[in-house]
>>> print(open('work07.cif').read())   # mmCIF, C-alpha atoms, pLDDT in the B column; chains and numbers go by the auth columns
data_run
loop_
_atom_site.group_PDB
_atom_site.id
_atom_site.type_symbol
_atom_site.label_atom_id
_atom_site.label_comp_id
_atom_site.label_asym_id
_atom_site.label_seq_id
_atom_site.Cartn_x
_atom_site.Cartn_y
_atom_site.Cartn_z
_atom_site.B_iso_or_equiv
_atom_site.auth_seq_id
_atom_site.auth_asym_id
ATOM 1 C CA MET A 1 7.400 -4.273 13.035 41.00 1 A
ATOM 2 C CA ASP A 2 8.423 -0.753 12.147 49.00 2 A
ATOM 3 C CA LEU A 3 7.092 -0.507 8.608 63.00 3 A
ATOM 4 C CA GLY A 4 9.182 1.168 5.961 86.00 4 A
ATOM 5 C CA LYS A 5 6.560 3.136 4.073 95.00 5 A
ATOM 6 C CA ARG A 6 7.075 1.588 0.637 98.00 6 A
ATOM 7 C CA ILE A 7 4.443 -0.275 -1.365 98.00 7 A
ATOM 8 C CA VAL A 8 4.881 -2.028 -4.711 98.00 8 A
ATOM 9 C CA ALA A 9 2.272 -3.156 -7.220 98.00 9 A
ATOM 10 C CA ILE A 10 3.904 -5.686 -9.542 98.00 10 A
ATOM 11 C CA LEU A 11 1.724 -6.973 -12.351 98.00 11 A
ATOM 12 C CA ALA A 12 2.146 -8.427 -15.820 97.00 12 A
ATOM 13 C CA HIS A 13 1.524 -5.528 -18.213 96.00 13 A
ATOM 14 C CA PRO A 14 1.313 -1.738 -18.387 95.00 14 A
ATOM 15 C CA ASP A 15 -2.271 -0.754 -17.409 94.00 15 A
ATOM 16 C CA ASP A 16 -2.887 -3.832 -15.194 95.00 16 A
ATOM 17 C CA ALA A 17 -2.222 -1.858 -12.010 97.00 17 A
ATOM 18 C CA GLU A 18 -4.464 0.954 -13.215 97.00 18 A
ATOM 19 C CA PHE A 19 -7.323 -1.489 -13.712 95.00 19 A
ATOM 20 C CA MET A 20 -6.884 -3.479 -10.521 97.00 20 A
ATOM 21 C CA CYS A 21 -5.325 -1.408 -7.729 98.00 21 A
ATOM 22 C CA ALA A 22 -4.599 2.218 -8.721 98.00 22 A
ATOM 23 C CA GLY A 23 -7.204 3.586 -6.319 98.00 23 A
ATOM 24 C CA THR A 24 -5.569 1.773 -3.420 98.00 24 A
ATOM 25 C CA LEU A 25 -2.111 2.978 -4.470 98.00 25 A
ATOM 26 C CA SER A 26 -3.435 6.537 -4.539 98.00 26 A
ATOM 27 C CA LEU A 27 -4.725 6.144 -0.986 98.00 27 A
ATOM 28 C CA PHE A 28 -1.280 5.002 0.145 98.00 28 A
ATOM 29 C CA ARG A 29 0.374 7.939 -1.587 98.00 29 A
ATOM 30 C CA ASN A 30 -2.055 10.287 0.176 97.00 30 A
ATOM 31 C CA ARG A 31 -0.844 8.797 3.461 96.00 31 A
ATOM 32 C CA GLY A 32 2.767 9.604 2.675 96.00 32 A
ATOM 33 C CA TRP A 33 3.874 6.236 1.343 97.00 33 A
ATOM 34 C CA GLU A 34 6.459 5.754 -1.393 98.00 34 A
ATOM 35 C CA VAL A 35 4.673 4.001 -4.262 98.00 35 A
ATOM 36 C CA HIS A 36 6.221 1.857 -6.993 98.00 36 A
ATOM 37 C CA ILE A 37 4.493 0.311 -10.012 98.00 37 A
ATOM 38 C CA VAL A 38 6.321 -2.594 -11.651 98.00 38 A
ATOM 39 C CA THR A 39 5.388 -4.492 -14.802 98.00 39 A
ATOM 40 C CA MET A 40 6.866 -7.855 -15.693 98.00 40 A
ATOM 41 C CA THR A 41 6.783 -6.942 -19.393 97.00 41 A
ATOM 42 C CA PRO A 42 6.691 -3.770 -21.492 96.00 42 A
ATOM 43 C CA GLY A 43 3.465 -4.989 -23.104 92.00 43 A
ATOM 44 C CA ASP A 44 5.274 -5.698 -26.364 91.00 44 A
ATOM 45 C CA LYS A 45 2.396 -7.673 -27.913 88.00 45 A
ATOM 46 C CA GLY A 46 -0.206 -4.964 -27.261 83.00 46 A
ATOM 47 C CA SER A 47 -0.542 -3.486 -30.749 78.00 47 A
ATOM 48 C CA ALA A 48 -1.757 -4.411 -34.224 78.00 48 A
ATOM 49 C CA VAL A 49 0.059 -1.505 -35.919 82.00 49 A
ATOM 50 C CA HIS A 50 3.399 -1.026 -34.102 87.00 50 A
ATOM 51 C CA THR A 51 6.441 -3.296 -33.960 90.00 51 A
ATOM 52 C CA ARG A 52 7.374 -4.911 -30.657 85.00 52 A
ATOM 53 C CA GLU A 53 10.121 -2.356 -30.135 91.00 53 A
ATOM 54 C CA GLU A 54 7.840 0.579 -30.932 91.00 54 A
ATOM 55 C CA ILE A 55 4.963 -0.500 -28.729 91.00 55 A
ATOM 56 C CA SER A 56 7.380 -1.331 -25.897 92.00 56 A
ATOM 57 C CA ARG A 57 8.676 2.248 -25.948 96.00 57 A
ATOM 58 C CA ILE A 58 5.163 3.652 -26.194 95.00 58 A
ATOM 59 C CA ARG A 59 3.678 1.546 -23.414 95.00 59 A
ATOM 60 C CA THR A 60 6.526 1.954 -20.923 96.00 60 A
ATOM 61 C CA GLY A 61 6.320 5.710 -21.542 97.00 61 A
ATOM 62 C CA GLU A 62 2.589 5.601 -20.855 97.00 62 A
ATOM 63 C CA ALA A 63 3.184 3.556 -17.693 97.00 63 A
ATOM 64 C CA ARG A 64 5.757 6.066 -16.487 98.00 64 A
ATOM 65 C CA ARG A 65 3.407 9.009 -17.086 98.00 65 A
ATOM 66 C CA SER A 66 0.557 7.179 -15.367 98.00 66 A
ATOM 67 C CA ALA A 67 2.703 6.462 -12.305 98.00 67 A
ATOM 68 C CA GLN A 68 3.762 10.109 -12.126 98.00 68 A
ATOM 69 C CA ILE A 69 0.131 11.140 -11.648 98.00 69 A
ATOM 70 C CA ILE A 70 0.352 9.836 -8.074 98.00 70 A
ATOM 71 C CA GLY A 71 4.063 10.526 -7.660 98.00 71 A
ATOM 72 C CA ALA A 72 4.940 6.857 -8.084 98.00 72 A
ATOM 73 C CA THR A 73 8.034 5.347 -9.690 98.00 73 A
ATOM 74 C CA TYR A 74 7.719 2.936 -12.626 98.00 74 A
ATOM 75 C CA HIS A 75 9.947 -0.110 -13.217 98.00 75 A
ATOM 76 C CA CYS A 76 9.921 -2.895 -15.825 98.00 76 A
ATOM 77 C CA VAL A 77 11.355 -6.353 -15.103 98.00 77 A
ATOM 78 C CA GLY A 78 11.945 -6.832 -18.838 97.00 78 A
ATOM 79 C CA LEU A 79 10.328 -10.193 -19.574 97.00 79 A
ATOM 80 C CA GLU A 80 8.459 -10.810 -22.830 95.00 80 A
ATOM 81 C CA ASP A 81 4.707 -10.320 -23.111 94.00 81 A
ATOM 82 C CA VAL A 82 2.790 -13.623 -23.423 94.00 82 A
ATOM 83 C CA TYR A 83 5.970 -15.533 -22.531 96.00 83 A
ATOM 84 C CA ILE A 84 6.125 -14.901 -18.788 98.00 84 A
ATOM 85 C CA ILE A 85 7.594 -18.181 -17.595 97.00 85 A
ATOM 86 C CA TYR A 86 8.189 -19.372 -14.037 98.00 86 A
ATOM 87 C CA ASP A 87 11.916 -19.970 -14.295 98.00 87 A
ATOM 88 C CA ARG A 88 15.259 -19.047 -12.763 97.00 88 A
ATOM 89 C CA GLU A 89 15.687 -15.836 -14.768 97.00 89 A
ATOM 90 C CA ALA A 90 12.222 -14.482 -13.982 98.00 90 A
ATOM 91 C CA ILE A 91 12.550 -15.220 -10.264 98.00 91 A
ATOM 92 C CA ASN A 92 16.026 -13.668 -10.033 98.00 92 A
ATOM 93 C CA ARG A 93 15.029 -10.540 -11.962 98.00 93 A
ATOM 94 C CA THR A 94 11.905 -10.038 -9.872 98.00 94 A
ATOM 95 C CA THR A 95 13.745 -10.669 -6.616 98.00 95 A
ATOM 96 C CA ALA A 96 16.360 -8.099 -7.663 97.00 96 A
ATOM 97 C CA VAL A 97 13.678 -5.454 -8.278 98.00 97 A
ATOM 98 C CA LEU A 98 12.062 -6.112 -4.898 97.00 98 A
ATOM 99 C CA ARG A 99 15.407 -6.018 -3.089 97.00 99 A
ATOM 100 C CA LYS A 100 16.215 -2.718 -4.773 97.00 100 A
ATOM 101 C CA ILE A 101 12.938 -1.149 -3.607 97.00 101 A
ATOM 102 C CA ARG A 102 12.702 -2.998 -0.241 97.00 102 A
ATOM 103 C CA PRO A 103 8.921 -2.720 0.116 97.00 103 A
ATOM 104 C CA SER A 104 6.847 -3.501 3.172 97.00 104 A
ATOM 105 C CA ILE A 105 3.771 -4.358 1.093 98.00 105 A
ATOM 106 C CA VAL A 106 3.500 -6.008 -2.312 98.00 106 A
ATOM 107 C CA ILE A 107 0.359 -6.255 -4.447 98.00 107 A
ATOM 108 C CA THR A 108 0.353 -8.650 -7.393 98.00 108 A
ATOM 109 C CA ALA A 109 -1.995 -10.366 -9.826 98.00 109 A
ATOM 110 C CA SER A 110 -4.606 -12.919 -8.870 98.00 110 A
ATOM 111 C CA PRO A 111 -3.273 -16.524 -8.844 97.00 111 A
ATOM 112 C CA THR A 112 -6.419 -17.460 -10.780 96.00 112 A
ATOM 113 C CA ASP A 113 -7.254 -15.272 -13.758 95.00 113 A
ATOM 114 C CA TYR A 114 -8.228 -15.281 -17.423 92.00 114 A
ATOM 115 C CA MET A 115 -4.647 -15.033 -18.708 92.00 115 A
ATOM 116 C CA VAL A 116 -1.621 -17.214 -17.975 96.00 116 A
ATOM 117 C CA ASP A 117 0.678 -14.153 -17.865 97.00 117 A
ATOM 118 C CA HIS A 118 -1.277 -12.904 -14.846 97.00 118 A
ATOM 119 C CA GLU A 119 -1.298 -16.267 -13.075 97.00 119 A
ATOM 120 C CA THR A 120 2.419 -16.825 -13.680 98.00 120 A
ATOM 121 C CA THR A 121 3.189 -13.324 -12.435 98.00 121 A
ATOM 122 C CA ALA A 122 1.461 -14.198 -9.159 98.00 122 A
ATOM 123 C CA ARG A 123 3.620 -17.325 -8.783 98.00 123 A
ATOM 124 C CA ILE A 124 6.848 -15.498 -9.584 98.00 124 A
ATOM 125 C CA VAL A 125 6.085 -12.646 -7.195 98.00 125 A
ATOM 126 C CA GLN A 126 5.146 -15.062 -4.408 98.00 126 A
ATOM 127 C CA THR A 127 8.536 -16.749 -4.766 98.00 127 A
ATOM 128 C CA ALA A 128 10.398 -13.446 -5.110 98.00 128 A
ATOM 129 C CA CYS A 129 8.838 -12.147 -1.890 98.00 129 A
ATOM 130 C CA PHE A 130 9.860 -15.350 -0.114 97.00 130 A
ATOM 131 C CA CYS A 131 13.399 -14.945 -1.484 97.00 131 A
ATOM 132 C CA CYS A 132 13.864 -11.338 -0.379 96.00 132 A
ATOM 133 C CA GLY A 133 15.735 -12.501 2.714 95.00 133 A
ATOM 134 C CA ILE A 134 17.566 -15.529 1.281 95.00 134 A
ATOM 135 C CA LYS A 135 21.296 -14.806 1.117 95.00 135 A
ATOM 136 C CA ASN A 136 22.337 -17.450 -1.407 94.00 136 A
ATOM 137 C CA MET A 137 20.221 -16.175 -4.294 95.00 137 A
ATOM 138 C CA GLU A 138 21.912 -15.359 -7.630 94.00 138 A
ATOM 139 C CA VAL A 139 21.067 -11.693 -7.128 95.00 139 A
ATOM 140 C CA ASP A 140 23.487 -8.796 -6.567 95.00 140 A
ATOM 141 C CA GLU A 141 21.114 -6.692 -4.456 96.00 141 A
ATOM 142 C CA ALA A 142 21.372 -7.215 -0.703 96.00 142 A
ATOM 143 C CA PRO A 143 18.702 -9.348 1.009 95.00 143 A
ATOM 144 C CA PHE A 144 16.306 -7.850 3.537 95.00 144 A
ATOM 145 C CA GLU A 145 13.940 -9.120 6.193 93.00 145 A
ATOM 146 C CA PRO A 146 11.178 -9.495 7.086 93.00 146 A
ATOM 147 C CA SER A 147 9.635 -10.383 3.748 93.00 147 A
ATOM 148 C CA PRO A 148 6.878 -8.058 2.487 97.00 148 A
ATOM 149 C CA TYR A 149 3.207 -8.505 3.231 98.00 149 A
ATOM 150 C CA LEU A 150 1.750 -9.991 0.046 98.00 150 A
ATOM 151 C CA TYR A 151 -1.710 -9.243 -1.370 98.00 151 A
ATOM 152 C CA TYR A 152 -3.446 -10.415 -4.530 98.00 152 A
ATOM 153 C CA ALA A 153 -5.570 -8.007 -6.554 98.00 153 A
ATOM 154 C CA ASP A 154 -8.864 -9.071 -8.087 98.00 154 A
ATOM 155 C CA ALA A 155 -9.030 -11.378 -11.067 96.00 155 A
ATOM 156 C CA MET A 156 -10.140 -9.554 -14.212 92.00 156 A
ATOM 157 C CA ASP A 157 -13.945 -9.271 -14.082 92.00 157 A
ATOM 158 C CA GLY A 158 -13.819 -11.106 -10.750 95.00 158 A
ATOM 159 C CA LYS A 159 -13.808 -14.600 -12.249 95.00 159 A
ATOM 160 C CA ASP A 160 -11.426 -17.429 -13.065 93.00 160 A
ATOM 161 C CA LYS A 161 -10.830 -19.117 -16.426 91.00 161 A
ATOM 162 C CA PHE A 162 -13.900 -21.310 -15.888 93.00 162 A
ATOM 163 C CA GLY A 163 -16.147 -18.343 -15.191 94.00 163 A
ATOM 164 C CA HIS A 164 -16.388 -19.078 -11.470 95.00 164 A
ATOM 165 C CA ALA A 165 -16.431 -16.106 -9.123 96.00 165 A
ATOM 166 C CA VAL A 166 -13.165 -15.209 -7.394 96.00 166 A
ATOM 167 C CA ALA A 167 -14.327 -13.398 -4.275 96.00 167 A
ATOM 168 C CA PRO A 168 -12.096 -10.932 -2.414 98.00 168 A
ATOM 169 C CA SER A 169 -11.647 -11.277 1.340 97.00 169 A
ATOM 170 C CA MET A 170 -11.381 -7.507 1.750 98.00 170 A
ATOM 171 C CA TYR A 171 -12.420 -4.409 -0.141 98.00 171 A
ATOM 172 C CA VAL A 172 -10.886 -0.951 -0.359 98.00 172 A
ATOM 173 C CA ASP A 173 -13.328 1.928 -0.791 98.00 173 A
ATOM 174 C CA ILE A 174 -11.810 3.962 -3.637 98.00 174 A
ATOM 175 C CA THR A 175 -14.789 6.228 -4.271 98.00 175 A
ATOM 176 C CA GLY A 176 -12.751 9.362 -3.597 98.00 176 A
ATOM 177 C CA GLU A 177 -9.870 8.100 -5.755 98.00 177 A
ATOM 178 C CA MET A 178 -11.858 7.228 -8.878 98.00 178 A
ATOM 179 C CA PRO A 179 -10.963 10.485 -10.715 98.00 179 A
ATOM 180 C CA VAL A 180 -7.270 9.706 -10.167 98.00 180 A
ATOM 181 C CA LYS A 181 -7.677 6.051 -11.155 98.00 181 A
ATOM 182 C CA GLU A 182 -9.466 7.142 -14.325 97.00 182 A
ATOM 183 C CA GLU A 183 -6.762 9.688 -15.174 97.00 183 A
ATOM 184 C CA MET A 184 -4.076 7.045 -14.703 98.00 184 A
ATOM 185 C CA LEU A 185 -5.831 4.596 -17.013 96.00 185 A
ATOM 186 C CA LYS A 186 -6.360 7.298 -19.636 94.00 186 A
ATOM 187 C CA ALA A 187 -2.586 7.728 -19.765 95.00 187 A
ATOM 188 C CA HIS A 188 -2.471 4.372 -21.584 94.00 188 A
ATOM 189 C CA ALA A 189 -3.662 5.947 -24.814 90.00 189 A
ATOM 190 C CA SER A 190 -2.227 3.249 -27.093 90.00 190 A
ATOM 191 C CA GLN A 191 -4.602 0.705 -25.585 85.00 191 A
ATOM 192 C CA ARG A 192 -7.502 3.086 -25.419 79.00 192 A
ATOM 193 C CA ASP A 193 -7.339 4.549 -28.907 75.00 193 A
ATOM 194 C CA TRP A 194 -8.084 1.413 -30.880 64.00 194 A
ATOM 195 C CA LEU A 195 -11.203 0.783 -28.778 68.00 195 A
ATOM 196 C CA LEU A 196 -12.368 4.311 -29.479 69.00 196 A
ATOM 197 C CA GLU A 197 -11.660 3.845 -33.186 66.00 197 A
ATOM 198 C CA HIS A 198 -13.266 0.438 -33.542 56.00 198 A
ATOM 199 C CA HIS A 199 -16.187 0.709 -31.111 54.00 199 A
ATOM 200 C CA LYS A 200 -16.753 4.480 -30.943 60.00 200 A
ATOM 201 C CA VAL A 201 -17.114 4.063 -27.191 57.00 201 A
ATOM 202 C CA ASP A 202 -14.508 4.437 -24.486 68.00 202 A
ATOM 203 C CA GLU A 203 -14.991 0.855 -23.305 84.00 203 A
ATOM 204 C CA TYR A 204 -11.542 0.875 -21.740 85.00 204 A
ATOM 205 C CA ILE A 205 -12.594 3.372 -19.082 90.00 205 A
ATOM 206 C CA LEU A 206 -16.180 2.188 -18.857 90.00 206 A
ATOM 207 C CA SER A 207 -15.191 -1.423 -18.179 91.00 207 A
ATOM 208 C CA MET A 208 -12.825 -0.347 -15.392 95.00 208 A
ATOM 209 C CA LYS A 209 -15.468 1.830 -13.761 96.00 209 A
ATOM 210 C CA HIS A 210 -18.149 -0.814 -14.166 96.00 210 A
ATOM 211 C CA PHE A 211 -16.136 -3.475 -12.348 96.00 211 A
ATOM 212 C CA ALA A 212 -15.175 -1.041 -9.567 98.00 212 A
ATOM 213 C CA GLU A 213 -18.867 -0.243 -9.255 98.00 213 A
ATOM 214 C CA VAL A 214 -19.739 -3.952 -9.025 98.00 214 A
ATOM 215 C CA ARG A 215 -17.258 -4.416 -6.195 98.00 215 A
ATOM 216 C CA GLY A 216 -18.518 -1.238 -4.550 98.00 216 A
ATOM 217 C CA LYS A 217 -22.121 -2.425 -4.535 98.00 217 A
ATOM 218 C CA GLU A 218 -21.056 -5.609 -2.736 97.00 218 A
ATOM 219 C CA VAL A 219 -20.086 -3.495 0.286 97.00 219 A
ATOM 220 C CA ASN A 220 -22.478 -0.549 -0.099 97.00 220 A
ATOM 221 C CA ARG A 221 -19.904 1.827 -1.554 98.00 221 A
ATOM 222 C CA LYS A 222 -19.830 3.561 -4.939 98.00 222 A
ATOM 223 C CA TYR A 223 -16.473 2.143 -6.058 98.00 223 A
ATOM 224 C CA ALA A 224 -14.161 -0.464 -4.539 98.00 224 A
ATOM 225 C CA GLU A 225 -11.149 -2.662 -5.292 98.00 225 A
ATOM 226 C CA GLY A 226 -10.921 -6.219 -3.972 98.00 226 A
ATOM 227 C CA PHE A 227 -7.954 -8.076 -2.469 98.00 227 A
ATOM 228 C CA ARG A 228 -6.903 -11.341 -0.841 98.00 228 A
ATOM 229 C CA GLN A 229 -3.886 -11.755 1.435 98.00 229 A
ATOM 230 C CA HIS A 230 -1.258 -14.484 1.073 98.00 230 A
ATOM 231 C CA LEU A 231 -1.112 -16.118 4.487 97.00 231 A
ATOM 232 C CA GLY A 232 0.996 -19.202 3.816 95.00 232 A
ATOM 233 C CA HIS A 233 3.840 -20.391 6.013 94.00 233 A
ATOM 234 C CA GLY A 234 6.804 -18.019 6.051 91.00 234 A
ATOM 235 C CA PHE A 235 4.799 -14.967 5.030 94.00 235 A
ATOM 236 C CA GLN A 236 3.769 -11.976 7.122 93.00 236 A
ATOM 237 C CA GLN A 237 0.541 -12.528 9.020 95.00 237 A
ATOM 238 C CA GLY A 238 -1.931 -9.906 10.187 94.00 238 A
ATOM 239 C CA ASN A 239 -3.823 -7.603 7.863 96.00 239 A
ATOM 240 C CA VAL A 240 -1.531 -4.584 7.676 96.00 240 A
ATOM 241 C CA LEU A 241 -3.617 -3.162 4.822 96.00 241 A
ATOM 242 C CA ALA A 242 -6.568 -2.774 7.177 95.00 242 A
ATOM 243 C CA GLY A 243 -4.422 -1.147 9.834 94.00 243 A
ATOM 244 C CA ILE A 244 -3.141 1.507 7.428 96.00 244 A
ATOM 245 C CA LEU A 245 -6.226 2.273 5.361 96.00 245 A
ATOM 246 C CA GLU A 246 -8.642 1.884 8.303 93.00 246 A
ATOM 247 C CA GLU A 247 -11.865 3.645 7.289 95.00 247 A
ATOM 248 C CA ASN A 248 -11.389 2.657 3.633 97.00 248 A
ATOM 249 C CA ILE A 249 -11.232 -1.083 4.381 97.00 249 A
ATOM 250 C CA ILE A 250 -14.275 -3.356 4.445 96.00 250 A
ATOM 251 C CA ILE A 251 -13.737 -7.006 5.415 94.00 251 A
ATOM 252 C CA LYS A 252 -16.365 -9.634 4.595 81.00 252 A
#
>>> encode(input="work07.cif", output="structure tokens")
Amino acid sequence: MDLGKRIVAILAHPDDAEFMCAGTLSLFRNRGWEVHIVTMTPGDKGSAVHTREEISRIRTGEARRSAQIIGATYHCVGLEDVYIIYDREAINRTTAVLRKIRPSIVITASPTDYMVDHETTARIVQTACFCCGIKNMEVDEAPFEPSPYLYYADAMDGKDKFGHAVAPSMYVDITGEMPVKEEMLKAHASQRDWLLEHHKVDEYILSMKHFAEVRGKEVNRKYAEGFRQHLGHGFQQGNVLAGILEENIIIK
């Protein structure tokens, strides 16, 4: 297949992509790919001091500025934080966004994670990818084929809701991209500031770097991000991620 050089990371909230796959997105941008970061919600529950409307404006602005650091484009599906539901509206909206961008590769949340919003996002995105080529969808944007290659990012802290390890099947060495990943996460100041105020430590950045370091040690690198590929019936087979990133990919 002649790949259109477009990759999308579509996750639940602003800052999720920065935590889980920003280093990988930066590597793609360095290789000339068009990068898009999509959030299902504007993160409208992510504040103890702002109204939903205020924090939505703040967080989508932060997400846009973060994306611009790597020349990416930011989009928001417009669902409500905490209430991401697998239903007709969510599937149609997400399918419409994917059809508008027409990506070759999609990265989404882990199907098993600590938060239902993340798990439901994975289900919705799986269906939306499958529906990219279905003509009779209730979506104005034109269908396209073949469907994108679909990858799942790590679960937060690398474990499921029962505390069991969720192991990646492949790792991306992001050692050289860590300064960019850190800068992107710092753009989400609304989420970072209250940790600084309450704990006097930048735990937001430290926790991101710590987990990337954990994954890196598993493959003898300084920092890494982990992924699994969706290989079910009807989805693209073959590890295109490995073919593009080559020396940055480690498969266990």
>>> closest_atom_pairs(input="work07.cif", of="region 31-98 of chain A", to="region 121-126 of chain A", cutoff="10 Å", atoms="all atoms listed in the file", output="CSV")
residue,atom,partner,partner_atom,distance
A:Thr39,CA,A:Thr121,CA,9.4
A:Met40,CA,A:Thr121,CA,7.4
A:Ile84,CA,A:Thr121,CA,7.2
A:Ile85,CA,A:Thr121,CA,8.3
A:Tyr86,CA,A:Ile124,CA,6.1
A:Asp87,CA,A:Ile124,CA,8.2
A:Arg88,CA,A:Ile124,CA,9.7
A:Ala90,CA,A:Ile124,CA,7.0
A:Ile91,CA,A:Ile124,CA,5.7
A:Asn92,CA,A:Ile124,CA,9.4
A:Arg93,CA,A:Ile124,CA,9.9
A:Thr94,CA,A:Val125,CA,6.9
A:Thr95,CA,A:Val125,CA,7.9
A:Leu98,CA,A:Val125,CA,9.1
>>> write_last_selection(input="work07.cif", atoms="C-alpha atoms", output="mmCIF file, in the frame of the given file")
data_model
loop_
_atom_site.group_PDB
_atom_site.id
_atom_site.type_symbol
_atom_site.label_atom_id
_atom_site.label_comp_id
_atom_site.auth_asym_id
_atom_site.auth_seq_id
_atom_site.Cartn_x
_atom_site.Cartn_y
_atom_site.Cartn_z
ATOM 1 C CA THR A 39 5.388 -4.492 -14.802
ATOM 2 C CA MET A 40 6.866 -7.855 -15.693
ATOM 3 C CA ILE A 84 6.125 -14.901 -18.788
ATOM 4 C CA ILE A 85 7.594 -18.181 -17.595
ATOM 5 C CA TYR A 86 8.189 -19.372 -14.037
ATOM 6 C CA ASP A 87 11.916 -19.970 -14.295
ATOM 7 C CA ARG A 88 15.259 -19.047 -12.763
ATOM 8 C CA ALA A 90 12.222 -14.482 -13.982
ATOM 9 C CA ILE A 91 12.550 -15.220 -10.264
ATOM 10 C CA ASN A 92 16.026 -13.668 -10.033
ATOM 11 C CA ARG A 93 15.029 -10.540 -11.962
ATOM 12 C CA THR A 94 11.905 -10.038 -9.872
ATOM 13 C CA THR A 95 13.745 -10.669 -6.616
ATOM 14 C CA LEU A 98 12.062 -6.112 -4.898
#
>>> residues_around(input="work07.cif", residues="Asp154 (chain A)", least_positions_apart="6", cutoff="10 Å", atoms="all atoms listed in the file", output="VMD selection string")
chain A and resid 19 to 21 108 to 113 166 to 168 171 215 225 to 228
>>> residues_around(input="work07.cif", residues="Ser56 (chain A)", least_positions_apart="5", cutoff="12 Å", atoms="only C-alpha atoms", output="ChimeraX atom specification")
/A:13-14,39,41-47,50-51,61-63,76,78-81,190
>>> closest_residue(input="work07.cif", among="A:Glu183, A:Asp193, A:Asp16, A:Glu247", to="Ile107 (chain A)", atoms="all atoms listed in the file")
A:Asp16
>>> atom_distance(input="work07.cif", atom1="CA of Glu89 (chain A)", atom2="CA of Ile7 (chain A)")
23.4 Å
>>> closest_residue(input="work07.cif", among="A:Lys209, A:Arg221, A:Arg64, A:Lys186", to="Asp173 (chain A)", atoms="only C-alpha atoms")
A:Arg221
>>> closest_residue(input="work07.cif", among="A:Val172, A:Lys217, A:Pro103, A:Leu185", to="Glu145 (chain A)", atoms="only C-alpha atoms")
A:Pro103
>>> atom_distance(input="work07.cif", atom1="CA of Phe162 (chain A)", atom2="CA of Glu119 (chain A)")
13.9 Å
